[in-house]
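Q: This is input_7.cif, which holds mmCIF, C-alpha atoms, pLDDT in the B column; chains and numbers go by the auth columns:
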```
data_final
loop_
_atom_site.group_PDB
_atom_site.id
_atom_site.type_symbol
_atom_site.label_atom_id
_atom_site.label_comp_id
_atom_site.label_asym_id
_atom_site.label_seq_id
_atom_site.Cartn_x
_atom_site.Cartn_y
_atom_site.Cartn_z
_atom_site.B_iso_or_equiv
_atom_site.auth_seq_id
_atom_site.auth_asym_id
ATOM 1 C CA PHE A 1 7.681 -11.310 -6.037 60.00 1 A
ATOM 2 C CA VAL A 2 4.879 -10.355 -8.402 63.00 2 A
ATOM 3 C CA GLU A 3 5.733 -13.098 -10.886 70.00 3 A
ATOM 4 C CA TYR A 4 4.986 -15.623 -8.116 73.00 4 A
ATOM 5 C CA GLY A 5 1.284 -14.853 -8.366 82.00 5 A
ATOM 6 C CA ILE A 6 -1.103 -13.693 -5.692 85.00 6 A
ATOM 7 C CA ASP A 7 1.028 -14.993 -2.808 89.00 7 A
ATOM 8 C CA GLY A 8 4.036 -13.032 -4.056 88.00 8 A
ATOM 9 C CA CYS A 9 1.941 -9.883 -4.422 88.00 9 A
ATOM 10 C CA ILE A 10 0.578 -10.268 -0.889 89.00 10 A
ATOM 11 C CA LEU A 11 4.064 -10.731 0.560 89.00 11 A
ATOM 12 C CA LEU A 12 5.411 -7.724 -1.350 85.00 12 A
ATOM 13 C CA LEU A 13 2.603 -5.444 -0.186 87.00 13 A
ATOM 14 C CA GLN A 14 2.846 -6.722 3.421 87.00 14 A
ATOM 15 C CA ILE A 15 6.549 -5.889 3.517 84.00 15 A
ATOM 16 C CA CYS A 16 5.951 -2.420 2.093 81.00 16 A
ATOM 17 C CA LEU A 17 3.058 -1.620 4.434 81.00 17 A
ATOM 18 C CA ASP A 18 5.064 -2.857 7.437 79.00 18 A
ATOM 19 C CA GLN A 19 7.916 -0.470 6.569 74.00 19 A
ATOM 20 C CA VAL A 20 5.803 2.666 6.302 68.00 20 A
ATOM 21 C CA LYS A 21 4.701 4.416 9.467 62.00 21 A
ATOM 22 C CA PHE A 22 2.382 7.319 8.757 56.00 22 A
ATOM 23 C CA HIS A 23 2.773 9.290 11.977 49.00 23 A
ATOM 24 C CA ASP A 24 6.400 8.992 13.027 51.00 24 A
ATOM 25 C CA GLY A 25 9.935 8.493 11.816 51.00 25 A
ATOM 26 C CA ASP A 26 12.527 10.316 9.754 52.00 26 A
ATOM 27 C CA LEU A 27 10.804 12.575 7.224 45.00 27 A
ATOM 28 C CA GLN A 28 13.288 11.899 4.395 50.00 28 A
ATOM 29 C CA SER A 29 13.149 8.157 5.012 57.00 29 A
ATOM 30 C CA MET A 30 9.360 8.368 5.154 63.00 30 A
ATOM 31 C CA GLN A 31 9.276 10.173 1.803 69.00 31 A
ATOM 32 C CA LEU A 32 11.453 7.557 0.094 67.00 32 A
ATOM 33 C CA LYS A 33 9.436 4.709 1.576 72.00 33 A
ATOM 34 C CA SER A 34 6.185 6.398 0.554 73.00 34 A
ATOM 35 C CA GLU A 35 7.438 6.871 -3.005 80.00 35 A
ATOM 36 C CA LEU A 36 8.448 3.219 -3.259 81.00 36 A
ATOM 37 C CA LEU A 37 5.166 2.047 -1.750 82.00 37 A
ATOM 38 C CA SER A 38 3.297 4.364 -4.113 84.00 38 A
ATOM 39 C CA VAL A 39 4.925 2.823 -7.195 87.00 39 A
ATOM 40 C CA ILE A 40 4.279 -0.727 -5.980 85.00 40 A
ATOM 41 C CA PHE A 41 0.755 0.096 -4.824 84.00 41 A
ATOM 42 C CA ARG A 42 -0.185 1.681 -8.169 86.00 42 A
ATOM 43 C CA TYR A 43 1.258 -1.297 -10.052 87.00 43 A
ATOM 44 C CA LEU A 44 -0.768 -3.732 -7.963 87.00 44 A
ATOM 45 C CA LEU A 45 -3.870 -1.521 -8.210 86.00 45 A
ATOM 46 C CA GLU A 46 -3.959 -2.243 -11.956 86.00 46 A
ATOM 47 C CA ARG A 47 -4.022 -6.003 -11.407 86.00 47 A
ATOM 48 C CA PRO A 48 -7.390 -7.799 -11.434 86.00 48 A
ATOM 49 C CA ASN A 49 -6.881 -9.342 -7.982 87.00 49 A
ATOM 50 C CA PHE A 50 -5.894 -6.104 -6.205 86.00 50 A
ATOM 51 C CA SER A 51 -8.686 -6.143 -3.613 86.00 51 A
ATOM 52 C CA THR A 52 -7.785 -9.675 -2.540 88.00 52 A
ATOM 53 C CA VAL A 53 -4.086 -8.805 -2.357 88.00 53 A
ATOM 54 C CA PHE A 54 -4.753 -5.589 -0.412 87.00 54 A
ATOM 55 C CA CYS A 55 -7.142 -7.176 2.099 88.00 55 A
ATOM 56 C CA GLN A 56 -4.860 -10.135 2.757 89.00 56 A
ATOM 57 C CA SER A 57 -1.807 -7.870 3.061 88.00 57 A
ATOM 58 C CA LEU A 58 -3.226 -5.946 5.996 85.00 58 A
ATOM 59 C CA ARG A 59 -2.085 -7.355 9.308 76.00 59 A
ATOM 60 C CA THR A 60 -4.200 -5.097 11.496 74.00 60 A
ATOM 61 C CA GLN A 61 -7.741 -3.798 11.625 78.00 61 A
ATOM 62 C CA VAL A 62 -8.384 -1.179 9.000 79.00 62 A
ATOM 63 C CA SER A 63 -10.107 2.044 9.893 84.00 63 A
ATOM 64 C CA GLU A 64 -11.181 4.991 7.791 86.00 64 A
ATOM 65 C CA ILE A 65 -8.362 6.981 9.354 85.00 65 A
ATOM 66 C CA TYR A 66 -5.803 4.374 8.246 80.00 66 A
ATOM 67 C CA LEU A 67 -7.163 4.437 4.688 84.00 67 A
ATOM 68 C CA GLU A 68 -7.149 8.251 4.658 85.00 68 A
ATOM 69 C CA ASP A 69 -3.555 8.335 5.929 81.00 69 A
ATOM 70 C CA LEU A 70 -2.531 5.740 3.342 81.00 70 A
ATOM 71 C CA SER A 71 -4.244 7.694 0.556 84.00 71 A
ATOM 72 C CA LYS A 72 -2.533 10.926 1.622 82.00 72 A
ATOM 73 C CA ALA A 73 0.891 9.309 1.986 77.00 73 A
ATOM 74 C CA LEU A 74 0.612 7.777 -1.484 79.00 74 A
ATOM 75 C CA HIS A 75 -0.954 10.897 -3.045 83.00 75 A
ATOM 76 C CA LEU A 76 -3.707 8.772 -4.565 84.00 76 A
ATOM 77 C CA SER A 77 -6.077 10.232 -7.126 87.00 77 A
ATOM 78 C CA ILE A 78 -9.845 10.084 -6.619 87.00 78 A
ATOM 79 C CA PRO A 79 -10.237 6.948 -8.814 85.00 79 A
ATOM 80 C CA GLU A 80 -7.364 5.270 -6.945 82.00 80 A
ATOM 81 C CA LYS A 81 -8.969 6.138 -3.602 82.00 81 A
ATOM 82 C CA ILE A 82 -12.183 4.531 -4.803 81.00 82 A
ATOM 83 C CA GLY A 83 -10.153 1.426 -5.689 76.00 83 A
ATOM 84 C CA ILE A 84 -9.134 0.907 -2.092 73.00 84 A
#
```
Would you write the structure of this file as structure tokens?
A:
Amino acid sequence: FVEYGIDGCILLLQICLDQVKFHDGDLQSMQLKSELLSVIFRYLLERPNFSTVFCQSLRTQVSEIYLEDLSKALHLSIPEKIGI
């Protein structure tokens, strides 16, 4: 999807974010999904248009709690947390 430009990146991140539920679900499944999302998220974080991709990928209102949960689930470093 990434080679299709910004639209492909948005679609990829939307699919990943839709699959991960931070508060419920099978723990093992959650861990695998979080690891996959983490790899994709970190890859996209390095791209120059990350903020556009991230903002357009979100289908719901974003709160500080959501961003904190996302950061914890992805085990983001301090610089990566600043990036989002």
Q: So what do you get for atom CA of Ser34 of chain A versus atom CA of Leu74 of chain A, distance-wise?
A: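 Value for the atom CA of Ser34 of chain A-atom CA of Leu74 of chain A distance: 6.1 Å.
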Q: Find, counting only C-alpha atoms, the residue in A:Glu35, A:Asp18, A:Glu3, A:Leu13 that gets nearest to Cys55 of chain A.
A: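 Checking each candidate against Cys55 of chain A, we get A:Leu13 as the closest.
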Q: Taking all atoms listed in the file into account, which of A:Ala73, A:Leu17, A:Ile82, A:Ile40 comes nearest Leu58 of chain A?
A: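 Between A:Ala73, A:Leu17, A:Ile82, A:Ile40, the residue approaching Leu58 of chain A most closely is A:Leu17.
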Q: To verify the selection step, state as a JSON list (two decimals) with C-alpha atoms, in the frame of the given file which residues the PyMOL selection byres ((chain A and resi 44) around 12) yields on this input.
A:
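part-v6.json, freshly written:
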```json
[["chain", "number", "residue", "atom", "x", "y", "z"],
["A", 1, "PHE", "CA", 7.68, -11.31, -6.04],
["A", 2, "VAL", "CA", 4.88, -10.36, -8.40],
["A", 3, "GLU", "CA", 5.73, -13.10, -10.89],
["A", 5, "GLY", "CA", 1.28, -14.85, -8.37],
["A", 6, "ILE", "CA", -1.10, -13.69, -5.69],
["A", 8, "GLY", "CA", 4.04, -13.03, -4.06],
["A", 9, "CYS", "CA", 1.94, -9.88, -4.42],
["A", 10, "ILE", "CA", 0.58, -10.27, -0.89],
["A", 12, "LEU", "CA", 5.41, -7.72, -1.35],
["A", 13, "LEU", "CA", 2.60, -5.44, -0.19],
["A", 37, "LEU", "CA", 5.17, 2.05, -1.75],
["A", 38, "SER", "CA", 3.30, 4.36, -4.11],
["A", 39, "VAL", "CA", 4.92, 2.82, -7.20],
["A", 40, "ILE", "CA", 4.28, -0.73, -5.98],
["A", 41, "PHE", "CA", 0.76, 0.10, -4.82],
["A", 42, "ARG", "CA", -0.18, 1.68, -8.17],
["A", 43, "TYR", "CA", 1.26, -1.30, -10.05],
["A", 45, "LEU", "CA", -3.87, -1.52, -8.21],
["A", 46, "GLU", "CA", -3.96, -2.24, -11.96],
["A", 47, "ARG", "CA", -4.02, -6.00, -11.41],
["A", 48, "PRO", "CA", -7.39, -7.80, -11.43],
["A", 49, "ASN", "CA", -6.88, -9.34, -7.98],
["A", 50, "PHE", "CA", -5.89, -6.10, -6.20],
["A", 51, "SER", "CA", -8.69, -6.14, -3.61],
["A", 52, "THR", "CA", -7.78, -9.68, -2.54],
["A", 53, "VAL", "CA", -4.09, -8.80, -2.36],
["A", 54, "PHE", "CA", -4.75, -5.59, -0.41],
["A", 57, "SER", "CA", -1.81, -7.87, 3.06],
["A", 80, "GLU", "CA", -7.36, 5.27, -6.94],
["A", 83, "GLY", "CA", -10.15, 1.43, -5.69],
["A", 84, "ILE", "CA", -9.13, 0.91, -2.09]]
```
Q: Box for segment 44-61 of chain A - axis-aligned, 5 Å on each of the six sides, all listed atoms - centre and size in Å to one decimal, as JSON.
A:
```
{"center_x": -4.7, "center_y": -5.8, "center_z": -0.2, "size_x": 17.9, "size_y": 18.6, "size_z": 33.6}
```
Q: Pick from A:Lys33, A:Cys16, A:Asp7, A:Leu67: nearest to Lys81 of chain A, with only C-alpha atoms counted?
A: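 Checking each of A:Lys33, A:Cys16, A:Asp7, A:Leu67 against Lys81 of chain A, counting only C-alpha atoms, the winner is A:Leu67.
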Q: To one decimal place in Å, what is the distance between atom CA of Gln19 of chain A and atom CA of Glu64 of chain A?
A: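 Between atom CA of Gln19 of chain A and atom CA of Glu64 of chain A the gap is 19.9 Å.
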Q: From the options A:Leu36, A:Gln56, A:Pro79, A:Glu68, which residue's atoms come nearest to Gln14 of chain A, counting only C-alpha atoms?
A: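 Counting only C-alpha atoms, the residue closest to Gln14 of chain A is A:Gln56.
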